[in-house]
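> Got a file for you: query.cif, mmCIF, C-alpha atoms and all ligand atoms; chains and numbers go by the auth columns.
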data_structure
loop_
_atom_site.group_PDB
_atom_site.id
_atom_site.type_symbol
_atom_site.label_atom_id
_atom_site.label_comp_id
_atom_site.label_asym_id
_atom_site.label_seq_id
_atom_site.Cartn_x
_atom_site.Cartn_y
_atom_site.Cartn_z
_atom_site.B_iso_or_equiv
_atom_site.auth_seq_id
_atom_site.auth_asym_id
ATOM 1 C CA MET A 1 -47.403 -250.714 -38.111 0.00 280 A
ATOM 2 C CA ASP A 2 -48.577 -248.785 -41.107 0.00 281 A
ATOM 3 C CA SER A 3 -52.007 -247.565 -42.110 0.00 282 A
ATOM 4 C CA GLU A 4 -52.959 -251.064 -43.302 0.00 283 A
ATOM 5 C CA PHE A 5 -52.589 -252.348 -39.745 0.00 284 A
ATOM 6 C CA TRP A 6 -55.062 -249.757 -38.465 0.00 285 A
ATOM 7 C CA LEU A 7 -57.505 -250.084 -41.341 0.00 286 A
ATOM 8 C CA GLU A 8 -57.641 -253.786 -40.586 0.00 287 A
ATOM 9 C CA ARG A 9 -58.163 -253.163 -36.849 0.00 288 A
ATOM 10 C CA TRP A 10 -61.215 -251.083 -37.676 0.00 289 A
ATOM 11 C CA VAL A 11 -62.549 -253.699 -40.119 0.00 290 A
ATOM 12 C CA ARG A 12 -62.254 -256.324 -37.374 0.00 291 A
ATOM 13 C CA ASN A 13 -63.645 -253.902 -34.793 0.00 292 A
ATOM 14 C CA GLU A 14 -60.591 -254.422 -32.574 0.00 293 A
ATOM 15 C CA ILE A 15 -60.834 -251.026 -30.969 0.00 294 A
ATOM 16 C CA GLY A 16 -60.149 -251.602 -27.279 0.00 295 A
ATOM 17 C CA PHE A 17 -58.624 -248.113 -27.161 0.00 296 A
ATOM 18 C CA HIS A 18 -61.992 -246.455 -27.799 0.00 297 A
ATOM 19 C CA GLN A 19 -63.604 -244.896 -24.732 0.00 298 A
ATOM 20 C CA ARG A 20 -67.356 -244.581 -24.337 0.00 299 A
ATOM 21 C CA GLU A 21 -66.862 -241.803 -21.821 0.00 300 A
ATOM 22 C CA ILE A 22 -65.108 -238.471 -22.284 0.00 301 A
ATOM 23 C CA ASN A 23 -61.484 -238.819 -21.185 0.00 302 A
ATOM 24 C CA ALA A 24 -61.098 -237.805 -17.529 0.00 303 A
ATOM 25 C CA HIS A 25 -57.676 -236.198 -18.067 0.00 304 A
ATOM 26 C CA LEU A 26 -59.028 -234.056 -20.869 0.00 305 A
ATOM 27 C CA GLN A 27 -61.769 -232.733 -18.626 0.00 306 A
ATOM 28 C CA GLU A 28 -59.439 -232.253 -15.676 0.00 307 A
ATOM 29 C CA TYR A 29 -56.450 -230.680 -17.391 0.00 308 A
ATOM 30 C CA TRP A 30 -57.533 -229.035 -20.638 0.00 309 A
ATOM 31 C CA GLY A 31 -58.110 -225.787 -18.776 0.00 310 A
ATOM 32 C CA ARG A 32 -54.414 -225.708 -17.846 0.00 311 A
ATOM 33 C CA LEU A 33 -53.567 -224.934 -21.439 0.00 312 A
ATOM 34 C CA GLY A 34 -53.898 -221.375 -22.615 0.00 313 A
ATOM 35 C CA VAL A 35 -56.232 -222.205 -25.478 0.00 314 A
ATOM 36 C CA VAL A 36 -59.064 -219.713 -25.429 0.00 315 A
ATOM 37 C CA PRO A 37 -62.636 -220.718 -26.367 0.00 316 A
ATOM 38 C CA GLY A 38 -62.922 -220.290 -30.097 0.00 317 A
ATOM 39 C CA GLY A 39 -59.315 -221.391 -30.550 0.00 318 A
ATOM 40 C CA ARG A 40 -58.819 -224.189 -33.043 0.00 319 A
ATOM 41 C CA VAL A 41 -57.816 -227.561 -31.621 0.00 320 A
ATOM 42 C CA PHE A 42 -56.104 -230.380 -33.499 0.00 321 A
ATOM 43 C CA VAL A 43 -56.643 -234.016 -32.523 0.00 322 A
ATOM 44 C CA PRO A 44 -54.148 -236.305 -34.285 0.00 323 A
ATOM 45 C CA LEU A 45 -55.142 -239.924 -34.902 0.00 324 A
ATOM 46 C CA CYS A 46 -58.596 -239.183 -33.529 0.00 325 A
ATOM 47 C CA GLY A 47 -60.389 -242.476 -34.200 0.00 326 A
ATOM 48 C CA LYS A 48 -64.054 -241.964 -33.344 0.00 327 A
ATOM 49 C CA SER A 49 -63.232 -240.375 -30.024 0.00 328 A
ATOM 50 C CA ARG A 50 -66.078 -238.595 -28.283 0.00 329 A
ATOM 51 C CA ASP A 51 -63.470 -236.227 -26.870 0.00 330 A
ATOM 52 C CA LEU A 52 -63.900 -234.309 -30.129 0.00 331 A
ATOM 53 C CA LEU A 53 -67.442 -233.487 -29.022 0.00 332 A
ATOM 54 C CA TRP A 54 -66.282 -232.347 -25.610 0.00 333 A
ATOM 55 C CA LEU A 55 -63.731 -230.002 -27.147 0.00 334 A
ATOM 56 C CA ARG A 56 -66.357 -228.552 -29.448 0.00 335 A
ATOM 57 C CA ALA A 57 -68.736 -228.069 -26.510 0.00 336 A
ATOM 58 C CA GLU A 58 -65.948 -226.071 -24.831 0.00 337 A
ATOM 59 C CA GLY A 59 -66.256 -223.630 -27.721 0.00 338 A
ATOM 60 C CA HIS A 60 -63.388 -224.830 -29.876 0.00 339 A
ATOM 61 C CA ALA A 61 -63.278 -225.373 -33.581 0.00 340 A
ATOM 62 C CA VAL A 62 -61.982 -228.926 -33.846 0.00 341 A
ATOM 63 C CA VAL A 63 -59.988 -230.664 -36.551 0.00 342 A
ATOM 64 C CA GLY A 64 -59.069 -234.332 -36.291 0.00 343 A
ATOM 65 C CA VAL A 65 -57.183 -236.594 -38.633 0.00 344 A
ATOM 66 C CA GLU A 66 -57.964 -240.275 -38.968 0.00 345 A
ATOM 67 C CA VAL A 67 -56.958 -242.770 -41.644 0.00 346 A
ATOM 68 C CA SER A 68 -59.884 -245.179 -41.322 0.00 347 A
ATOM 69 C CA PRO A 69 -63.054 -244.273 -43.229 0.00 348 A
ATOM 70 C CA LEU A 70 -64.940 -246.750 -41.038 0.00 349 A
ATOM 71 C CA ALA A 71 -63.924 -244.820 -37.924 0.00 350 A
ATOM 72 C CA VAL A 72 -64.923 -241.480 -39.386 0.00 351 A
ATOM 73 C CA GLU A 73 -68.239 -242.727 -40.687 0.00 352 A
ATOM 74 C CA ALA A 74 -68.973 -244.333 -37.309 0.00 353 A
ATOM 75 C CA PHE A 75 -68.166 -241.112 -35.459 0.00 354 A
ATOM 76 C CA PHE A 76 -70.731 -239.058 -37.337 0.00 355 A
ATOM 77 C CA ARG A 77 -73.356 -241.811 -37.447 0.00 356 A
ATOM 78 C CA GLU A 78 -73.111 -242.827 -33.776 0.00 357 A
ATOM 79 C CA ASN A 79 -73.303 -239.212 -32.648 0.00 358 A
ATOM 80 C CA GLU A 80 -76.188 -238.486 -35.025 0.00 359 A
ATOM 81 C CA LEU A 81 -74.448 -235.547 -36.653 0.00 360 A
ATOM 82 C CA ASP A 82 -75.385 -234.200 -40.064 0.00 361 A
ATOM 83 C CA VAL A 83 -72.253 -234.252 -42.123 0.00 362 A
ATOM 84 C CA GLN A 84 -70.970 -232.627 -45.277 0.00 363 A
ATOM 85 C CA ILE A 85 -68.261 -234.503 -47.153 0.00 364 A
ATOM 86 C CA THR A 86 -65.932 -232.672 -49.483 0.00 365 A
ATOM 87 C CA SER A 87 -62.265 -233.031 -50.356 0.00 366 A
ATOM 88 C CA GLN A 88 -59.199 -231.181 -49.107 0.00 367 A
ATOM 89 C CA GLY A 89 -56.009 -232.110 -50.937 0.00 368 A
ATOM 90 C CA SER A 90 -55.592 -235.862 -50.569 0.00 369 A
ATOM 91 C CA PHE A 91 -58.066 -235.971 -47.663 0.00 370 A
ATOM 92 C CA ARG A 92 -61.787 -236.541 -47.508 0.00 371 A
ATOM 93 C CA ARG A 93 -63.088 -233.736 -45.334 0.00 372 A
ATOM 94 C CA TRP A 94 -66.031 -234.586 -43.098 0.00 373 A
ATOM 95 C CA GLU A 95 -67.591 -231.594 -41.365 0.00 374 A
ATOM 96 C CA SER A 96 -70.424 -230.973 -38.983 0.00 375 A
ATOM 97 C CA ASP A 97 -70.921 -227.591 -37.394 0.00 376 A
ATOM 98 C CA GLY A 98 -67.348 -226.597 -36.528 0.00 377 A
ATOM 99 C CA LEU A 99 -66.071 -230.128 -36.178 0.00 378 A
ATOM 100 C CA VAL A 100 -63.917 -231.442 -39.023 0.00 379 A
ATOM 101 C CA ILE A 101 -62.282 -234.808 -39.495 0.00 380 A
ATOM 102 C CA LEU A 102 -59.775 -235.093 -42.311 0.00 381 A
ATOM 103 C CA GLN A 103 -59.843 -238.706 -43.362 0.00 382 A
ATOM 104 C CA GLY A 104 -56.417 -239.712 -44.598 0.00 383 A
ATOM 105 C CA ASP A 105 -52.812 -240.128 -43.538 0.00 384 A
ATOM 106 C CA LEU A 106 -51.449 -237.775 -40.884 0.00 385 A
ATOM 107 C CA PHE A 107 -48.109 -237.758 -42.659 0.00 386 A
ATOM 108 C CA HIS A 108 -49.769 -236.088 -45.648 0.00 387 A
ATOM 109 C CA LEU A 109 -51.014 -233.118 -43.600 0.00 388 A
ATOM 110 C CA SER A 110 -49.456 -229.757 -44.422 0.00 389 A
ATOM 111 C CA ALA A 111 -49.099 -226.518 -42.478 0.00 390 A
ATOM 112 C CA ALA A 112 -52.024 -225.101 -44.452 0.00 391 A
ATOM 113 C CA ASP A 113 -54.284 -227.868 -43.080 0.00 392 A
ATOM 114 C CA LEU A 114 -53.437 -226.838 -39.500 0.00 393 A
ATOM 115 C CA ALA A 115 -53.354 -223.068 -39.920 0.00 394 A
ATOM 116 C CA ASP A 116 -54.577 -221.240 -36.796 0.00 395 A
ATOM 117 C CA VAL A 117 -54.395 -224.317 -34.578 0.00 396 A
ATOM 118 C CA ALA A 118 -53.842 -223.101 -31.014 0.00 397 A
ATOM 119 C CA GLY A 119 -53.928 -226.391 -29.124 0.00 398 A
ATOM 120 C CA VAL A 120 -53.331 -230.108 -29.630 0.00 399 A
ATOM 121 C CA TYR A 121 -54.883 -233.026 -27.756 0.00 400 A
ATOM 122 C CA ASP A 122 -52.851 -236.238 -28.028 0.00 401 A
ATOM 123 C CA ARG A 123 -54.441 -239.257 -26.337 0.00 402 A
ATOM 124 C CA ALA A 124 -53.677 -242.778 -27.585 0.00 403 A
ATOM 125 C CA SER A 125 -51.919 -241.199 -30.568 0.00 404 A
ATOM 126 C CA LEU A 126 -48.176 -240.914 -29.859 0.00 405 A
ATOM 127 C CA VAL A 127 -48.450 -244.179 -27.896 0.00 406 A
ATOM 128 C CA ALA A 128 -50.168 -245.858 -30.853 0.00 407 A
ATOM 129 C CA LEU A 129 -46.952 -245.679 -32.843 0.00 408 A
ATOM 130 C CA PRO A 130 -43.870 -247.912 -32.675 0.00 409 A
ATOM 131 C CA PRO A 131 -40.546 -246.289 -31.717 0.00 410 A
ATOM 132 C CA SER A 132 -39.326 -245.674 -35.263 0.00 411 A
ATOM 133 C CA MET A 133 -42.526 -243.837 -36.172 0.00 412 A
ATOM 134 C CA ARG A 134 -42.709 -241.713 -33.017 0.00 413 A
ATOM 135 C CA GLN A 135 -39.723 -239.602 -34.018 0.00 414 A
ATOM 136 C CA ARG A 136 -41.197 -239.127 -37.488 0.00 415 A
ATOM 137 C CA TYR A 137 -44.568 -238.198 -35.983 0.00 416 A
ATOM 138 C CA ALA A 138 -43.077 -235.615 -33.606 0.00 417 A
ATOM 139 C CA THR A 139 -40.889 -234.128 -36.326 0.00 418 A
ATOM 140 C CA HIS A 140 -43.747 -233.927 -38.808 0.00 419 A
ATOM 141 C CA LEU A 141 -46.116 -232.308 -36.342 0.00 420 A
ATOM 142 C CA ARG A 142 -43.485 -229.799 -35.376 0.00 421 A
ATOM 143 C CA SER A 143 -42.949 -228.873 -39.014 0.00 422 A
ATOM 144 C CA ILE A 144 -46.637 -228.223 -39.713 0.00 423 A
ATOM 145 C CA LEU A 145 -48.076 -226.867 -36.436 0.00 424 A
ATOM 146 C CA PRO A 146 -48.203 -223.136 -35.789 0.00 425 A
ATOM 147 C CA PRO A 147 -45.288 -222.276 -33.460 0.00 426 A
ATOM 148 C CA ARG A 148 -47.489 -221.236 -30.539 0.00 427 A
ATOM 149 C CA ALA A 149 -49.706 -224.328 -30.310 0.00 428 A
ATOM 150 C CA GLU A 150 -49.694 -225.946 -26.859 0.00 429 A
ATOM 151 C CA LYS A 151 -50.274 -229.659 -26.347 0.00 430 A
ATOM 152 C CA LEU A 152 -51.975 -231.878 -23.822 0.00 431 A
ATOM 153 C CA LEU A 153 -50.266 -235.272 -24.098 0.00 432 A
ATOM 154 C CA VAL A 154 -51.359 -238.513 -22.438 0.00 433 A
ATOM 155 C CA THR A 155 -48.837 -241.382 -22.308 0.00 434 A
ATOM 156 C CA MET A 156 -48.436 -244.784 -20.713 0.00 435 A
ATOM 157 C CA GLU A 157 -45.431 -246.282 -19.009 0.00 436 A
ATOM 158 C CA TYR A 158 -45.033 -250.012 -18.475 0.00 437 A
ATOM 159 C CA ASP A 159 -42.407 -252.684 -19.016 0.00 438 A
ATOM 160 C CA GLN A 160 -42.352 -253.095 -22.788 0.00 439 A
ATOM 161 C CA ALA A 161 -40.922 -256.597 -22.324 0.00 440 A
ATOM 162 C CA GLN A 162 -44.231 -257.682 -20.714 0.00 441 A
ATOM 163 C CA MET A 163 -46.458 -256.725 -23.644 0.00 442 A
ATOM 164 C CA ASP A 164 -46.183 -255.708 -27.269 0.00 443 A
ATOM 165 C CA GLY A 165 -47.745 -252.426 -28.275 0.00 444 A
ATOM 166 C CA PRO A 166 -49.904 -250.770 -29.272 0.00 445 A
ATOM 167 C CA PRO A 167 -50.332 -249.017 -26.970 0.00 446 A
ATOM 168 C CA PHE A 168 -46.571 -248.597 -26.628 0.00 447 A
ATOM 169 C CA ALA A 169 -44.790 -247.520 -23.478 0.00 448 A
ATOM 170 C CA VAL A 170 -43.474 -243.975 -23.868 0.00 449 A
ATOM 171 C CA GLU A 171 -41.306 -243.038 -20.906 0.00 450 A
ATOM 172 C CA GLN A 172 -40.909 -239.458 -19.733 0.00 451 A
ATOM 173 C CA ALA A 173 -37.310 -239.491 -21.003 0.00 452 A
ATOM 174 C CA GLU A 174 -38.606 -240.114 -24.505 0.00 453 A
ATOM 175 C CA VAL A 175 -41.138 -237.294 -24.228 0.00 454 A
ATOM 176 C CA GLU A 176 -38.226 -235.049 -23.246 0.00 455 A
ATOM 177 C CA ALA A 177 -36.130 -236.344 -26.154 0.00 456 A
ATOM 178 C CA LEU A 178 -38.918 -235.867 -28.698 0.00 457 A
ATOM 179 C CA TYR A 179 -40.184 -232.496 -27.545 0.00 458 A
ATOM 180 C CA GLY A 180 -37.826 -231.030 -24.957 0.00 459 A
ATOM 181 C CA ASP A 181 -35.875 -228.777 -27.279 0.00 460 A
ATOM 182 C CA ALA A 182 -38.983 -227.024 -28.610 0.00 461 A
ATOM 183 C CA TYR A 183 -41.347 -227.198 -25.613 0.00 462 A
ATOM 184 C CA THR A 184 -41.306 -226.681 -21.895 0.00 463 A
ATOM 185 C CA ILE A 185 -42.702 -229.910 -20.500 0.00 464 A
ATOM 186 C CA GLU A 186 -44.831 -229.852 -17.369 0.00 465 A
ATOM 187 C CA ARG A 187 -46.016 -233.152 -15.924 0.00 466 A
ATOM 188 C CA LEU A 188 -49.568 -232.792 -14.642 0.00 467 A
ATOM 189 C CA PHE A 189 -50.415 -236.354 -13.619 0.00 468 A
ATOM 190 C CA ALA A 190 -48.780 -239.704 -12.988 0.00 469 A
ATOM 191 C CA LEU A 191 -50.557 -242.717 -11.485 0.00 470 A
ATOM 192 C CA ASP A 192 -50.530 -246.494 -11.748 0.00 471 A
ATOM 193 C CA VAL A 193 -53.884 -247.268 -13.374 0.00 472 A
ATOM 194 C CA LEU A 194 -53.445 -251.008 -13.830 0.00 473 A
ATOM 195 C CA GLY A 195 -56.288 -251.697 -11.421 0.00 474 A
ATOM 196 C CA GLU A 196 -58.768 -250.095 -13.827 0.00 475 A
ATOM 197 C CA ASN A 197 -57.345 -251.809 -16.902 0.00 476 A
ATOM 198 C CA GLN A 198 -58.235 -255.473 -16.966 0.00 477 A
ATOM 199 C CA ARG A 199 -57.241 -255.831 -20.622 0.00 478 A
ATOM 200 C CA PHE A 200 -53.623 -254.970 -19.757 0.00 479 A
ATOM 201 C CA ARG A 201 -53.579 -257.196 -16.659 0.00 480 A
ATOM 202 C CA GLU A 202 -54.753 -260.044 -18.872 0.00 481 A
ATOM 203 C CA ARG A 203 -51.858 -259.361 -21.228 0.00 482 A
ATOM 204 C CA GLY A 204 -49.356 -259.820 -18.374 0.00 483 A
ATOM 205 C CA VAL A 205 -48.534 -256.245 -17.441 0.00 484 A
ATOM 206 C CA SER A 206 -47.693 -255.710 -13.753 0.00 485 A
ATOM 207 C CA ARG A 207 -47.501 -251.886 -13.728 0.00 486 A
ATOM 208 C CA MET A 208 -49.233 -249.402 -16.006 0.00 487 A
ATOM 209 C CA GLU A 209 -48.671 -245.785 -15.244 0.00 488 A
ATOM 210 C CA GLU A 210 -50.574 -243.094 -17.056 0.00 489 A
ATOM 211 C CA ARG A 211 -48.959 -239.693 -17.405 0.00 490 A
ATOM 212 C CA VAL A 212 -50.303 -236.379 -18.586 0.00 491 A
ATOM 213 C CA TYR A 213 -48.117 -233.524 -19.790 0.00 492 A
ATOM 214 C CA ARG A 214 -48.617 -229.945 -20.787 0.00 493 A
ATOM 215 C CA LEU A 215 -46.232 -228.887 -23.539 0.00 494 A
ATOM 216 C CA VAL A 216 -45.728 -225.171 -24.000 0.00 495 A
ATOM 217 C CA PRO A 217 -43.704 -223.965 -26.988 0.00 496 A
ATOM 218 C CA ARG A 218 -40.520 -222.210 -25.986 0.00 497 A
ATOM 219 C CA ALA A 219 -40.456 -218.572 -26.987 0.00 498 A
ATOM 220 C CA GLY A 220 -38.687 -217.715 -30.223 0.00 499 A
HETATM 221 C C1 LIG B . -55.067 -246.132 -30.713 0.00 501 B
HETATM 222 S S1 LIG B . -56.168 -245.332 -31.794 0.00 501 B
HETATM 223 C C2 LIG B . -56.590 -243.873 -30.844 0.00 501 B
HETATM 224 C C3 LIG B . -57.788 -243.131 -31.367 0.00 501 B
HETATM 225 C C4 LIG B . -58.158 -241.898 -30.518 0.00 501 B
HETATM 226 N N1 LIG B . -57.048 -241.004 -30.278 0.00 501 B
HETATM 227 C C5 LIG B . -58.791 -242.296 -29.231 0.00 501 B
HETATM 228 O O1 LIG B . -58.375 -241.786 -28.167 0.00 501 B
HETATM 229 O O2 LIG B . -59.741 -243.115 -29.244 0.00 501 B
HETATM 230 C C6 LIG B . -55.090 -244.702 -33.055 0.00 501 B
HETATM 231 C C7 LIG B . -55.839 -244.243 -34.292 0.00 501 B
HETATM 232 O O3 LIG B . -54.930 -243.667 -35.224 0.00 501 B
HETATM 233 C C8 LIG B . -55.335 -244.014 -36.539 0.00 501 B
HETATM 234 N N2 LIG B . -54.119 -243.897 -37.361 0.00 501 B
HETATM 235 C C9 LIG B . -53.012 -244.670 -37.292 0.00 501 B
HETATM 236 N N3 LIG B . -52.072 -244.246 -38.153 0.00 501 B
HETATM 237 C C10 LIG B . -52.587 -243.147 -38.785 0.00 501 B
HETATM 238 C C11 LIG B . -52.090 -242.239 -39.760 0.00 501 B
HETATM 239 N N4 LIG B . -50.855 -242.379 -40.284 0.00 501 B
HETATM 240 N N5 LIG B . -52.875 -241.217 -40.151 0.00 501 B
HETATM 241 C C12 LIG B . -54.119 -241.053 -39.618 0.00 501 B
HETATM 242 N N6 LIG B . -54.651 -241.893 -38.681 0.00 501 B
HETATM 243 C C13 LIG B . -53.902 -242.922 -38.273 0.00 501 B
HETATM 244 C C14 LIG B . -55.896 -245.394 -36.394 0.00 501 B
HETATM 245 O O4 LIG B . -56.790 -245.758 -37.422 0.00 501 B
HETATM 246 C C15 LIG B . -56.587 -245.338 -35.042 0.00 501 B
HETATM 247 O O5 LIG B . -57.930 -244.980 -35.152 0.00 501 B
#
Here is the file; what I need is its structure written in the form of structure tokens.
Ligand SMILES: C[S@@+](CC[C@H](N)C(=O)[O-])C[C@H]1O[C@@H](n2cnc3c(N)ncnc32)[C@H](O)[C@@H]1O


Amino acid sequence: MDSEFWLERWVRNEIGFHQREINAHLQEYWGRLGVVPGGRVFVPLCGKSRDLLWLRAEGHAVVGVEVSPLAVEAFFRENELDVQITSQGSFRRWESDGLVILQGDLFHLSAADLADVAGVYDRASLVALPPSMRQRYATHLRSILPPRAEKLLVTMEYDQAQMDGPPFAVEQAEVEALYGDAYTIERLFALDVLGENQRFRERGVSRMEERVYRLVPRAG
């Protein structure tokens, strides 16, 4: 499940993960993080999520990373934003009034790209990755994020035998294993949301729990 997989998904417009509305958990729980207005927020694997706009409206400088040029172009076009395109290392840097998307591979991001980031919003990002890549993703992010950056993380739990990912099931035990040594993990929400998710019912899933966590870096 490399970049080619995702580039192809965007070409075929197979983007069932994309939400027309602002994510309800983001609106409900973002305030639980200690990220002050003006603080810079990182959105990994951002797609063309409109949540970027919500975060900017909250007063944040926003930086997303997304591998698909189609997704990035669509984000700025569909939201009628004037955009300036420059380059930043191996990335194409798309910017509109405090909102930046670095178009390229997350695994090529460096600490300099995420300097001053105070908060991270991870929705449909960790769960987009197969098990072998999730450890790499968590390790890479930890190595490049400023030590004090908090995270809001949205995951899904279901029986992986009933459906192939993405989205992949990421149980709470795995969240603890990936992040527990560096972060205090507070669960903010857990609910079976299968009733609202016809596309997963159609794929044979009998339980689909969504979970939201606040991750606070441990001192030191
Ligand atoms: C499931 S989608 C979620 C998008 C967004 N978070 C949302 O909530 O709509 C995952 C996204 O990650 C992008 N992606 C996958 N691997 C990537 C990588 N290595 N670097 C940057 N983007 C990547 C894909 O193109 C896709 O748009």

> Please indicate the distance in Å from atom CA of A:Pro409 to atom CA of A:Tyr492, rounded to one decimal place.

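We find that atom CA of A:Pro409 and atom CA of A:Tyr492 lie 19.8 Å from each other.
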
> The PyMOL selection byres (((not hetatm)) within 6 of (chain B and resi 501)) on the file shown: which residues, as a PyMOL selection string?

chain A and resi 282+285-286+296-297+324-326+328+344-347+383-386+402-404+407

> Take the residues that were just selected and, keeping C-alpha atoms, output them as an mmCIF file, in the coordinates of the input.


data_model
loop_
_atom_site.group_PDB
_atom_site.id
_atom_site.type_symbol
_atom_site.label_atom_id
_atom_site.label_comp_id
_atom_site.auth_asym_id
_atom_site.auth_seq_id
_atom_site.Cartn_x
_atom_site.Cartn_y
_atom_site.Cartn_z
ATOM 1 C CA SER A 282 -52.007 -247.565 -42.110
ATOM 2 C CA TRP A 285 -55.062 -249.757 -38.465
ATOM 3 C CA LEU A 286 -57.505 -250.084 -41.341
ATOM 4 C CA PHE A 296 -58.624 -248.113 -27.161
ATOM 5 C CA HIS A 297 -61.992 -246.455 -27.799
ATOM 6 C CA LEU A 324 -55.142 -239.924 -34.902
ATOM 7 C CA CYS A 325 -58.596 -239.183 -33.529
ATOM 8 C CA GLY A 326 -60.389 -242.476 -34.200
ATOM 9 C CA SER A 328 -63.232 -240.375 -30.024
ATOM 10 C CA VAL A 344 -57.183 -236.594 -38.633
ATOM 11 C CA GLU A 345 -57.964 -240.275 -38.968
ATOM 12 C CA VAL A 346 -56.958 -242.770 -41.644
ATOM 13 C CA SER A 347 -59.884 -245.179 -41.322
ATOM 14 C CA GLY A 383 -56.417 -239.712 -44.598
ATOM 15 C CA ASP A 384 -52.812 -240.128 -43.538
ATOM 16 C CA LEU A 385 -51.449 -237.775 -40.884
ATOM 17 C CA PHE A 386 -48.109 -237.758 -42.659
ATOM 18 C CA ARG A 402 -54.441 -239.257 -26.337
ATOM 19 C CA ALA A 403 -53.677 -242.778 -27.585
ATOM 20 C CA SER A 404 -51.919 -241.199 -30.568
ATOM 21 C CA ALA A 407 -50.168 -245.858 -30.853
#

> Please write the residues picked by the PyMOL selection byres (((chain A and resi 471) around 6) and not hetatm) on this file as JSON, numbers by chain.

{"A": [470, 472, 473, 487, 488]}

> Residues as selected, C-alpha atoms, written as an mmCIF file, keeping the file's coordinate frame, can you do that?


data_model
loop_
_atom_site.group_PDB
_atom_site.id
_atom_site.type_symbol
_atom_site.label_atom_id
_atom_site.label_comp_id
_atom_site.auth_asym_id
_atom_site.auth_seq_id
_atom_site.Cartn_x
_atom_site.Cartn_y
_atom_site.Cartn_z
ATOM 1 C CA LEU A 470 -50.557 -242.717 -11.485
ATOM 2 C CA VAL A 472 -53.884 -247.268 -13.374
ATOM 3 C CA LEU A 473 -53.445 -251.008 -13.830
ATOM 4 C CA MET A 487 -49.233 -249.402 -16.006
ATOM 5 C CA GLU A 488 -48.671 -245.785 -15.244
#

> Can you report as JSON the centre and edge lengths in Å, to one decimal, of an axis-aligned box around the listed atoms of stretch 339-354 of chain A padded with 3 Å on each side?


{"center_x": -63.0, "center_y": -235.8, "center_z": -36.6, "size_x": 18.0, "size_y": 27.9, "size_z": 19.4}

> Dump as JSON lines the rows for residues of stretch 291-319 of chain A within 12 Å of stretch 359-380 of chain A: closest atom pair and distance in Å with one decimal, all atoms listed in the file counted, ordered by chain and rising residue number.


{"residue": "A:Gly317", "atom": "CA", "partner": "A:Gly377", "partner_atom": "CA", "distance": 10.0}
{"residue": "A:Gly318", "atom": "CA", "partner": "A:Gly377", "partner_atom": "CA", "distance": 11.3}
{"residue": "A:Arg319", "atom": "CA", "partner": "A:Gly377", "partner_atom": "CA", "distance": 9.5}

> Which is closest to A:Gly313 among A:Val449, A:Val495, A:Ile294, A:Ala391, if we use only C-alpha atoms?

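Among the listed residues, the smallest separation from A:Gly313 belongs to A:Val495.
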
> For A:Tyr400, which residue out of A:Val342, A:Ile301, A:Leu431, A:Leu332 is the nearest one, using all atoms listed in the file?

A:Leu431

> Here's the selection I'm unsure about, the PyMOL selection byres (((chain A and resi 309) around 12) and not hetatm); applied to the file above, which residues does it give, as a PyMOL selection string?

chain A and resi 302-308+310-316+320+330+333-334+337+339+398-401+429-433+467+491-494

> Could you list, as an NGL selection string, every residue within 10 Å of A:Ala440, counting all atoms listed in the file and ignoring same-chain residues fewer than 3 positions away?

:A and (437 or 443-444 or 448 or 483-484)

> With only C-alpha atoms as the basis for distance, which of A:Arg335, A:Arg478, A:Arg497, A:His419 is at the shortest distance from A:Gly459?

A:Arg497

> Quick check, in Å to one decimal: how far apart do atom CA of A:Ala456 and atom CA of A:Gly343 lie?

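For atom CA of A:Ala456 relative to atom CA of A:Gly343, the distance reads 25.2 Å.
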
> Please, what distance in Å, to one decimal, runs between atom CA of A:Leu388 and atom CA of A:Phe447?

23.4 Å

> Name the closest residue to A:Glu475 among the candidates A:Ser422, A:Glu489, A:Leu393, A:Arg291; distances are taken between atoms, counting all atoms listed in the file.

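With all atoms listed in the file as the atom set, the closest residue is A:Glu489.
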
> Using all atoms listed in the file, which protein or nucleic acid residues come within 8 Å of A:Ala394? Drop anything in the same chain fewer than 2 positions from it, and give the result as a PDB file with C-alpha atoms, in the frame of the given file.


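Okay, this is what ended up in around-v8.pdb:
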ATOM      1  CA  ALA A 390     -49.099-226.518 -42.478  1.00  0.00           C
ATOM      2  CA  ALA A 391     -52.024-225.101 -44.452  1.00  0.00           C
ATOM      3  CA  ASP A 392     -54.284-227.868 -43.080  1.00  0.00           C
ATOM      4  CA  VAL A 396     -54.395-224.317 -34.578  1.00  0.00           C
ATOM      5  CA  LEU A 424     -48.076-226.867 -36.436  1.00  0.00           C
ATOM      6  CA  PRO A 425     -48.203-223.136 -35.789  1.00  0.00           C
TER       7      PRO A 425
END

> Tell me which of A:Ala461, A:Val322, A:Ala452, A:Val341 sits closest to A:Glu436, counting all atoms listed in the file.

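Nearest candidate to A:Glu436 out of A:Ala461, A:Val322, A:Ala452, A:Val341: A:Ala452.
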
> Which residue, A:Glu453, A:Asp395, A:Glu287, A:Glu357, has the smallest gap to A:Ala428 when you use all atoms listed in the file?

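Of A:Glu453, A:Asp395, A:Glu287, A:Glu357, the one nearest A:Ala428 is A:Asp395, counting all atoms listed in the file.
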
> Can you tell me, as a list in words, which residues sit within 10 Å of (-39.0, -225.4, -29.8) in the file's frame, using all atoms listed in the file?

Arg421, Pro426, Arg427, Tyr458, Gly459, Asp460, Ala461, Tyr462, Thr463, Val495, Pro496, Arg497, Ala498 and Gly499 of chain A
